[in-house]
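Containing compact mmCIF, C-alpha atoms: data25.txt.
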# COMPACT_ATOMS: atom_id res chain seq x y z
CA MET A 1 -30.87 -81.07 51.13
CA LYS A 2 -30.10 -77.57 49.86
CA ARG A 3 -28.57 -75.05 52.14
CA GLY A 4 -30.03 -71.36 52.16
CA LEU A 5 -28.18 -68.07 52.49
CA SER A 6 -26.56 -67.49 55.73
CA PRO A 7 -27.96 -64.72 57.87
CA GLY A 8 -24.79 -62.63 57.39
CA LYS A 9 -24.95 -62.73 53.59
CA LEU A 10 -28.65 -61.96 53.59
CA ALA A 11 -28.08 -58.87 55.74
CA ALA A 12 -25.29 -57.69 53.43
CA ILE A 13 -27.53 -58.02 50.36
CA ILE A 14 -30.32 -56.08 52.06
CA VAL A 15 -27.92 -53.24 52.99
CA LEU A 16 -26.60 -53.03 49.44
CA ALA A 17 -30.14 -52.93 48.06
CA LEU A 18 -31.08 -50.12 50.44
CA ILE A 19 -27.96 -48.11 49.51
CA LEU A 20 -28.69 -48.52 45.80
CA ALA A 21 -32.35 -47.53 46.24
CA SER A 22 -31.34 -44.47 48.25
CA SER A 23 -28.87 -43.43 45.55
CA ILE A 24 -31.46 -43.78 42.79
CA TRP A 25 -34.05 -41.86 44.82
CA ALA A 26 -31.60 -39.03 45.48
CA ARG A 27 -30.81 -38.72 41.78
CA VAL A 28 -34.47 -38.71 40.77
CA SER A 29 -35.32 -36.10 43.42
CA ALA A 30 -32.45 -33.88 42.33
CA ALA A 31 -33.58 -34.10 38.71
CA ARG A 32 -37.12 -33.11 39.68
CA LYS A 33 -36.13 -30.02 41.71
CA VAL A 34 -36.64 -26.54 39.95
CA ALA A 35 -34.22 -23.68 40.73
CA PRO A 36 -35.97 -20.67 42.33
CA PRO A 37 -36.41 -17.69 39.93
CA PRO A 38 -33.84 -14.93 40.30
CA GLU A 39 -35.06 -11.77 42.02
CA GLN A 40 -36.30 -9.14 39.47
CA VAL A 41 -34.15 -5.99 39.15
CA ALA A 42 -36.03 -2.76 39.85
CA MET A 43 -35.80 -0.38 36.88
CA PRO A 44 -34.68 3.17 37.70
CA VAL A 45 -37.26 5.77 36.64
CA ARG A 46 -38.00 9.46 37.01
CA VAL A 47 -41.48 10.60 37.86
CA GLU A 48 -43.52 13.79 37.72
CA GLU A 49 -46.92 14.73 39.11
CA PRO A 50 -49.45 16.56 36.92
CA ARG A 51 -49.20 20.34 37.12
CA TYR A 52 -52.19 22.62 37.44
CA ALA A 53 -51.62 25.84 35.48
CA PRO A 54 -52.82 27.66 32.35
CA LEU A 55 -52.05 25.91 29.09
CA VAL A 56 -51.19 28.18 26.17
CA LYS A 57 -50.67 26.96 22.61
CA GLU A 58 -47.99 29.20 21.13
CA LEU A 59 -46.37 29.70 17.74
CA ARG A 60 -42.87 31.19 17.66
CA LEU A 61 -41.44 32.66 14.46
CA ASN A 62 -38.24 34.56 13.68
CA ALA A 63 -38.86 38.03 12.27
CA PHE A 64 -37.52 41.59 12.05
CA ILE A 65 -38.78 44.90 13.35
CA GLU A 66 -39.92 47.41 10.75
CA SER A 67 -41.30 50.91 10.81
CA ASP A 68 -44.95 50.94 9.83
CA SER A 69 -44.15 54.04 7.72
CA MET A 70 -40.68 53.69 6.23
CA VAL A 71 -39.84 55.53 3.01
CA THR A 72 -36.74 55.53 0.84
CA VAL A 73 -36.37 59.08 -0.49
CA LEU A 74 -35.46 59.22 -4.18
CA PRO A 75 -34.65 62.46 -6.04
CA LEU A 76 -36.95 63.19 -8.97
CA VAL A 77 -34.25 65.01 -11.00
CA SER A 78 -30.59 64.37 -11.70
CA GLY A 79 -27.60 66.47 -10.71
CA MET A 80 -24.76 66.91 -8.25
CA LEU A 81 -25.81 66.70 -4.62
CA GLN A 82 -24.93 70.10 -3.17
CA GLU A 83 -26.41 69.72 0.30
CA LEU A 84 -27.54 66.90 2.57
CA SER A 85 -28.67 68.69 5.69
CA VAL A 86 -29.74 65.75 7.90
CA ASP A 87 -27.83 62.91 9.52
CA VAL A 88 -28.66 59.41 10.70
CA GLY A 89 -30.82 59.45 13.83
CA GLN A 90 -32.04 63.00 13.28
CA ALA A 91 -35.77 63.65 13.54
CA VAL A 92 -37.39 65.30 10.52
CA SER A 93 -40.87 66.63 9.87
CA LYS A 94 -43.02 66.31 6.78
CA GLY A 95 -42.06 68.96 4.19
CA GLN A 96 -38.68 69.73 5.79
CA VAL A 97 -35.81 70.32 3.33
CA VAL A 98 -33.38 67.42 3.63
CA ALA A 99 -31.23 67.83 0.49
CA ARG A 100 -30.53 70.17 -2.43
CA ILE A 101 -29.42 69.24 -5.93
CA ASP A 102 -27.48 71.65 -8.18
CA ALA A 103 -30.31 73.68 -9.72
CA ALA A 104 -28.43 75.92 -12.22
CA ARG A 105 -29.56 73.92 -15.22
CA TYR A 106 -33.17 73.89 -14.09
CA GLU A 107 -33.17 77.65 -13.44
CA LEU A 108 -31.99 78.24 -17.03
CA GLN A 109 -34.64 75.89 -18.39
CA LEU A 110 -37.28 77.74 -16.39
CA ARG A 111 -36.22 81.14 -17.79
CA GLN A 112 -36.25 79.80 -21.34
CA ALA A 113 -39.66 78.22 -20.88
CA GLU A 114 -41.01 81.39 -19.28
CA ALA A 115 -39.82 83.57 -22.18
CA ALA A 116 -41.36 81.24 -24.75
CA TRP A 117 -44.60 81.10 -22.80
CA LEU A 118 -44.85 84.89 -22.45
CA SER A 119 -44.23 85.32 -26.20
CA ALA A 120 -46.92 82.77 -27.06
CA LYS A 121 -49.26 84.41 -24.57
CA GLY A 122 -48.89 87.82 -26.23
CA THR A 123 -49.46 86.35 -29.70
CA PHE A 124 -52.52 84.46 -28.54
CA GLU A 125 -54.05 87.55 -26.91
CA ARG A 126 -53.67 89.59 -30.15
CA ILE A 127 -55.11 86.84 -32.32
CA GLU A 128 -57.96 86.41 -29.87
CA GLN A 129 -58.89 90.10 -30.12
CA LEU A 130 -58.76 89.98 -33.94
CA PHE A 131 -60.82 86.79 -33.98
CA GLN A 132 -63.50 88.34 -31.79
CA ALA A 133 -63.58 91.37 -34.16
CA GLY A 134 -63.91 89.05 -37.17
CA ALA A 135 -60.47 90.01 -38.56
CA ALA A 136 -58.82 86.59 -37.95
CA SER A 137 -59.76 83.12 -39.09
CA GLN A 138 -60.68 80.19 -36.86
CA GLN A 139 -57.54 78.40 -38.00
CA SER A 140 -55.28 81.26 -36.90
CA TYR A 141 -57.05 81.39 -33.53
CA ASP A 142 -56.70 77.62 -32.97
CA GLN A 143 -53.04 77.67 -33.97
CA ALA A 144 -52.23 80.53 -31.57
CA ARG A 145 -54.17 78.82 -28.77
CA GLY A 146 -52.31 75.54 -29.33
CA GLN A 147 -48.90 77.21 -29.15
CA PHE A 148 -49.90 79.07 -26.00
CA ASP A 149 -51.01 75.85 -24.27
CA ALA A 150 -47.84 73.98 -25.33
CA TYR A 151 -45.48 76.67 -24.04
CA LEU A 152 -47.49 76.97 -20.85
CA SER A 153 -47.01 73.24 -20.22
CA GLN A 154 -43.27 73.52 -20.86
CA TYR A 155 -43.06 76.44 -18.44
CA GLU A 156 -44.93 74.54 -15.71
CA LEU A 157 -42.72 71.46 -16.24
CA ALA A 158 -39.55 73.57 -15.94
CA ARG A 159 -40.85 75.18 -12.76
CA LEU A 160 -41.71 71.73 -11.33
CA GLN A 161 -38.22 70.38 -12.10
CA LEU A 162 -36.66 73.35 -10.34
CA GLU A 163 -38.80 72.62 -7.29
CA TYR A 164 -37.71 68.98 -7.39
CA ALA A 165 -34.09 70.07 -7.03
CA THR A 166 -35.00 70.86 -3.41
CA VAL A 167 -35.73 67.50 -1.73
CA ARG A 168 -38.20 67.48 1.16
CA SER A 169 -39.14 64.79 3.69
CA PRO A 170 -42.38 63.00 2.73
CA LEU A 171 -43.28 62.17 6.36
CA ASP A 172 -42.57 62.81 10.01
CA GLY A 173 -39.91 60.43 11.24
CA VAL A 174 -36.25 59.72 11.87
CA VAL A 175 -33.43 59.36 9.35
CA LEU A 176 -32.48 55.68 9.39
CA VAL A 177 -29.96 55.51 6.52
CA ARG A 178 -27.96 58.02 4.44
CA HIS A 179 -27.25 56.47 1.05
CA LEU A 180 -25.30 59.32 -0.59
CA THR A 181 -22.90 62.06 0.48
CA VAL A 182 -22.46 65.67 -0.66
CA GLY A 183 -20.73 65.79 -4.05
CA SER A 184 -22.32 62.53 -5.27
CA ILE A 185 -24.37 62.41 -8.44
CA ALA A 186 -28.02 62.17 -7.55
CA ALA A 187 -30.44 60.47 -9.91
CA PRO A 188 -34.01 59.11 -9.71
CA GLU A 189 -32.69 55.54 -9.40
CA ARG A 190 -30.23 56.37 -6.56
CA PRO A 191 -31.72 56.65 -3.03
CA LEU A 192 -30.77 59.63 -0.89
CA LEU A 193 -32.19 58.72 2.52
CA THR A 194 -34.37 56.19 4.30
CA ILE A 195 -36.78 57.77 6.78
CA GLY A 196 -38.97 55.84 9.21
CA ASP A 197 -41.66 56.69 11.73
CA LEU A 198 -40.40 55.19 15.03
CA SER A 199 -43.66 55.93 16.82
CA ARG A 200 -45.20 52.89 15.11
CA LEU A 201 -43.08 49.76 14.91
CA VAL A 202 -44.38 46.51 13.46
CA VAL A 203 -43.21 42.94 13.08
CA ARG A 204 -44.26 41.09 9.95
CA ALA A 205 -44.01 37.31 10.38
CA ARG A 206 -44.39 34.62 7.72
CA VAL A 207 -46.81 32.05 9.16
CA PRO A 208 -47.17 28.50 7.77
CA GLU A 209 -50.41 27.89 5.93
CA ARG A 210 -51.66 25.24 8.40
CA TYR A 211 -52.20 27.96 11.03
CA TYR A 212 -54.46 30.09 8.86
CA ALA A 213 -57.63 28.84 10.57
CA ASP A 214 -56.23 29.90 13.97
CA PHE A 215 -55.45 33.41 12.73
CA GLY A 216 -58.52 33.80 10.53
CA LYS A 217 -61.14 33.43 13.27
CA PRO A 218 -61.66 36.57 15.37
CA GLU A 219 -63.20 34.51 18.17
CA ASN A 220 -59.85 32.76 18.72
CA GLY A 221 -58.48 36.02 20.07
CA VAL A 222 -54.90 35.50 18.93
CA GLU A 223 -52.52 37.39 21.22
CA ALA A 224 -49.00 38.48 20.32
CA ARG A 225 -45.77 39.53 21.94
CA VAL A 226 -42.20 40.07 20.80
CA GLU A 227 -39.08 38.60 22.42
CA ARG A 228 -35.48 39.68 21.97
CA PRO A 229 -32.59 37.17 22.01
CA GLY A 230 -31.56 38.46 25.44
CA GLY A 231 -34.89 37.40 26.93
CA GLU A 232 -36.70 40.76 26.97
CA SER A 233 -40.41 40.50 26.17
CA TYR A 234 -42.59 43.30 24.77
CA ALA A 235 -46.36 43.44 24.40
CA ALA A 236 -47.77 43.65 20.89
CA ARG A 237 -51.12 43.68 19.12
CA LEU A 238 -52.10 41.59 16.11
CA ALA A 239 -52.74 44.33 13.54
CA SER A 240 -53.51 42.46 10.33
CA VAL A 241 -53.59 39.03 8.70
CA SER A 242 -52.99 38.77 4.99
CA PRO A 243 -55.86 37.23 2.99
CA PHE A 244 -53.28 35.81 0.57
CA VAL A 245 -51.21 32.63 0.95
CA SER A 246 -47.99 32.61 -1.05
CA PRO A 247 -47.94 29.66 -3.47
CA GLU A 248 -44.13 29.63 -3.42
CA ASN A 249 -43.55 28.95 0.28
CA ARG A 250 -47.11 28.25 1.52
CA THR A 251 -47.06 31.02 4.10
CA PHE A 252 -49.11 34.12 4.84
CA GLU A 253 -48.19 37.38 6.56
CA ALA A 254 -49.29 38.31 10.06
CA ALA A 255 -48.34 41.80 11.23
CA CYS A 256 -48.32 42.84 14.87
CA GLU A 257 -47.81 46.35 16.18
CA LEU A 258 -45.56 46.89 19.18
CA ALA A 259 -47.32 48.34 22.21
CA GLU A 260 -44.15 48.92 24.26
CA GLY A 261 -40.40 49.06 23.83
CA LEU A 262 -40.53 51.95 21.36
CA GLU A 263 -37.69 53.69 23.23
CA THR A 264 -35.24 50.80 22.81
CA LEU A 265 -36.38 48.79 19.79
CA ARG A 266 -35.37 49.87 16.30
CA PRO A 267 -36.16 48.80 12.72
CA GLY A 268 -33.97 45.96 11.52
CA MET A 269 -33.59 44.26 14.93
CA SER A 270 -34.12 40.49 14.91
CA VAL A 271 -36.87 39.28 17.22
CA VAL A 272 -39.08 36.27 17.86
CA ALA A 273 -42.76 36.89 17.23
CA VAL A 274 -44.79 34.82 19.71
CA PHE A 275 -48.47 34.24 18.91
CA SER A 276 -50.81 32.70 21.51
CA LEU A 277 -53.24 30.70 19.38
CA ALA A 278 -55.35 29.06 22.11
CA ARG A 279 -55.51 29.09 25.89
CA LYS A 280 -56.99 27.06 28.72
CA ASP A 281 -56.80 28.98 31.96
CA GLY A 282 -56.68 26.00 34.31
CA ALA A 283 -55.81 22.36 33.55
CA TRP A 284 -53.82 19.42 34.88
CA SER A 285 -51.05 18.60 32.45
CA LEU A 286 -48.00 16.42 31.84
CA PRO A 287 -45.04 16.79 29.47
CA PHE A 288 -45.10 14.78 26.26
CA ASP A 289 -42.07 12.89 27.63
CA ALA A 290 -44.52 10.88 29.74
CA LEU A 291 -46.23 9.34 26.70
CA ALA A 292 -45.25 5.85 25.62
CA GLY A 293 -46.83 5.65 22.19
CA GLU A 294 -49.86 7.78 21.39
CA THR A 295 -52.01 6.99 24.44
CA GLY A 296 -49.84 5.03 26.87
CA LEU A 297 -48.92 6.37 30.31
CA TRP A 298 -47.07 4.68 33.17
CA TYR A 299 -47.47 5.59 36.81
CA VAL A 300 -45.88 4.34 40.02
CA GLU A 301 -47.87 2.39 42.57
CA GLY A 302 -46.33 2.57 46.05
CA ASP A 303 -44.85 5.17 48.35
CA GLY A 304 -41.47 5.24 46.64
CA SER A 305 -39.53 4.47 49.82
CA GLY A 306 -39.86 0.73 49.53
CA TYR A 307 -41.20 -1.66 46.92
CA SER A 308 -42.88 0.17 44.00
CA ILE A 309 -44.33 -1.20 40.80
CA ALA A 310 -45.24 0.33 37.46
CA ARG A 311 -48.79 0.36 36.17
CA ARG A 312 -49.92 1.13 32.64
CA LEU A 313 -52.75 3.52 31.89
CA SER A 314 -54.28 4.33 28.51
CA ILE A 315 -55.53 7.87 28.06
CA GLU A 316 -56.44 10.16 25.16
CA PRO A 317 -54.45 13.43 25.49
CA GLY A 318 -56.77 16.44 25.77
CA PHE A 319 -55.91 20.07 25.07
CA SER A 320 -52.21 20.30 24.27
CA THR A 321 -49.44 22.78 23.64
CA ASP A 322 -46.07 22.23 21.99
CA ASP A 323 -44.65 20.45 25.06
CA ARG A 324 -47.54 19.53 27.41
CA PHE A 325 -50.96 17.85 27.22
CA GLU A 326 -54.01 17.87 29.47
CA VAL A 327 -54.91 14.92 31.71
CA PRO A 328 -58.12 14.38 33.72
CA GLY A 329 -58.14 15.79 37.22
CA ALA A 330 -58.82 12.30 38.61
CA TYR A 331 -55.13 11.51 38.03
CA SER A 332 -53.80 14.67 39.68
CA ASP A 333 -52.30 12.69 42.62
CA HIS A 334 -50.56 10.08 40.45
CA ARG A 335 -46.84 10.04 39.93
CA PHE A 336 -46.27 9.44 36.23
CA ILE A 337 -43.04 8.06 34.81
CA VAL A 338 -41.37 10.51 32.44
CA GLU A 339 -38.05 8.65 31.97
CA GLY A 340 -37.42 4.93 31.81
CA GLN A 341 -40.95 3.80 30.91
CA HIS A 342 -40.20 2.36 27.49
CA PHE A 343 -38.85 -0.99 28.79
CA LEU A 344 -41.46 -1.69 31.46
CA LYS A 345 -44.16 -4.31 31.80
CA ASP A 346 -47.27 -3.94 33.86
CA GLY A 347 -46.31 -4.81 37.44
CA SER A 348 -42.56 -4.37 36.92
CA PRO A 349 -40.68 -3.23 40.02
CA VAL A 350 -39.24 0.26 39.72
CA ARG A 351 -36.88 2.43 41.69
CA ILE A 352 -37.54 6.19 41.74
CA ILE A 353 -34.28 8.08 41.26
CA GLY A 354 -35.65 11.57 40.77
CA GLU A 355 -38.88 13.51 40.89
CA ARG A 356 -39.46 16.75 39.07
CA ALA A 357 -40.93 19.50 41.17
CA THR A 358 -44.12 20.69 39.54
CA ARG A 359 -46.27 22.34 42.24
Kindly return the structure encoded in the file as structure tokens.
Amino acid sequence: MKRGLSPGKLAAIIVLALILASSIWARVSAARKVAPPPEQVAMPVRVEEPRYAPLVKELRLNAFIESDSMVTVLPLVSGMLQELSVDVGQAVSKGQVVARIDAARYELQLRQAEAAWLSAKGTFERIEQLFQAGAASQQSYDQARGQFDAYLSQYELARLQLEYATVRSPLDGVVLVRHLTVGSIAAPERPLLTIGDLSRLVVRARVPERYYADFGKPENGVEARVERPGGESYAARLASVSPFVSPENRTFEAACELAEGLETLRPGMSVVAVFSLARKDGAWSLPFDALAGETGLWYVEGDGSGYSIARRLSIEPGFSTDDRFEVPGAYSDHRFIVEGQHFLKDGSPVRIIGERATR
């Protein structure tokens, strides 16, 4: 008769089986457990609210101030410069004597021409009387008349050259530059003075061809002003727009006349010509820094003091200037992200580290 397991051995086997099963169950459970996701890091961002203000589309170009009437005075005859009676900065009037050239040679030429003319005049008058009496031929009359006319022209030319030896100002203005000094040799190709009318100062700017439509339409009402490097601003008026576009540099000329600053501004000064091409008197706007791509905007959802998330918004920019674009008024109370938006996903947590004051 076979003997079975003793109660003690049976209990030991059952305990071992339970221990083994518990160990296997623990390992399987541990393998099935998933580690909790790490907490997402809030991205630091800067935000800005839309600003309500006029939007002005401006074009800024470097230019120089010029006198609207600026003339370089050239002598019309040659000779030693005996007198230069005006200095830089001195006001002159039209017709005023500003210089004298040695006229001795031209006085002699005038006397010679006058003597020849008077002799030819006397001969012509005698021949004319004989011709009218029938005692002189037509040929003699024509010859005497030709000599008289020729010597008369020489006399008038000599008188004109003598007058040219006295140089007069061609306009009312101020002496801007003295090119020669007394004792120099004056000649038609050597400037004496540069005279400008400071009562009318203009700025001539070279504008890129792509802006011609803005300048060419009177209804656009292009406004202008002039700024100095120090920050001073002076009102100006768009005076003319060239109908010609240069094929070399693809620009055209826009001239504006200064309306103020005539007491301090002078020809030759460097300025910035500022043209207001379009204007919207009231609009909500954001800086172009807020754009992520062509139409993407990010704004913050939350009060900013606790948990905030980023939300994406797609919008077509409206009227724009060089640095800002219009947004609908419905988003005027949104806080848009202007820094840090390029690495966000919709719903990402964000931390506001700065807000630009815009109102």
*Pick out the closest residue to A:Ile309 from this set: A:Leu286, A:Asp102, A:Pro349, A:Ser332. Count all atoms listed in the file.*
A:Pro349
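Residue nearest A:Leu61 within the list A:Gly293, A:Pro243, A:Pro208, A:Gly122: A:Pro208 [criterion: smallest interatomic distance, all atoms listed in the file].
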Which residues are close to A:Asp333, i.e. within 10 Å by all atoms listed in the file, leaving aside same-chain residues fewer than 6 positions away? Reply as a CSV table (one decimal) with C-alpha atoms, in the coordinates of the input.
chain,number,residue,atom,x,y,z
A,49,GLU,CA,-46.9,14.7,39.1
A,50,PRO,CA,-49.4,16.6,36.9
A,51,ARG,CA,-49.2,20.3,37.1
*asked:* Here is a test: counting only C-alpha atoms, which residue of A:Arg279, A:Arg60, A:Arg145, A:Arg168 is nearest to A:Val97?
replied: A:Arg168
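Across the model, the gap from atom CA of A:Tyr155 to atom CA of A:Glu114 is 5.4 Å.
If you measure from each of A:Glu125, A:Leu262, A:Ser153, A:Arg159 to A:Ser140 using all atoms listed in the file, the closest one turns out to be A:Glu125.
Nearest residue to A:Ile195, choosing from A:Glu66, A:Glu209, A:Glu227, A:Asp149 and counting all atoms listed in the file: A:Glu66.
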_Polymer residues at most 12 Å from A:Leu238, all atoms listed in the file, same-chain spacing of 4 or more positions, as a list in words_ = Val202, Val203, Arg204, Ala205, Phe215, Gly216, Pro218, Gly221, Val222, Glu223, Ala224, Arg225, Val226, Ser242, Glu253, Ala254, Ala255, Cys256, Glu257, Leu258, Ala259, Ala273, Val274, Phe275, Ser276 and Leu277 of chain A
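Minimum atom-to-atom distances from A:Val56, A:Leu110, A:Val272, A:Ala236 to A:Leu157 were compared using only C-alpha atoms, and the lowest value belongs to A:Leu110.
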_Residues within 10 Å of (-27.9, 62.8, -6.5), file coordinates, counting only C-alpha atoms: what are they? Give the list as a VMD selection string._
chain A and resid 74 to 84 99 to 102 165 179 to 192
*Shell of 9 Å around A:Val98, only C-alpha atoms, local chain residues under 6 positions omitted, as a ChimeraX atom specification*: /A:83-86,92,166-169,193
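Atom pair atom CA of A:Pro328 / atom CA of A:Trp298 has a distance of 14.7 Å (rounded to one decimal).
The interatomic distance for the pair atom CA of A:Val327 and atom CA of A:Tyr299 works out to 13.0 Å.
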*For a cut-off of 7 Å around (-43.5, -1.9, 35.2), file coordinates, pick out all residues using all atoms listed in the file and list them as a PyMOL selection string.*
chain A and resi 309-311+344-350
_Just want the 10 Å neighbourhood of A:Leu291, counted on only C-alpha atoms, with same-chain residues fewer than 3 positions away dropped. Output as a ChimeraX atom specification._
/A:286-288,294-298,314-315,317,325,336-339,341-342
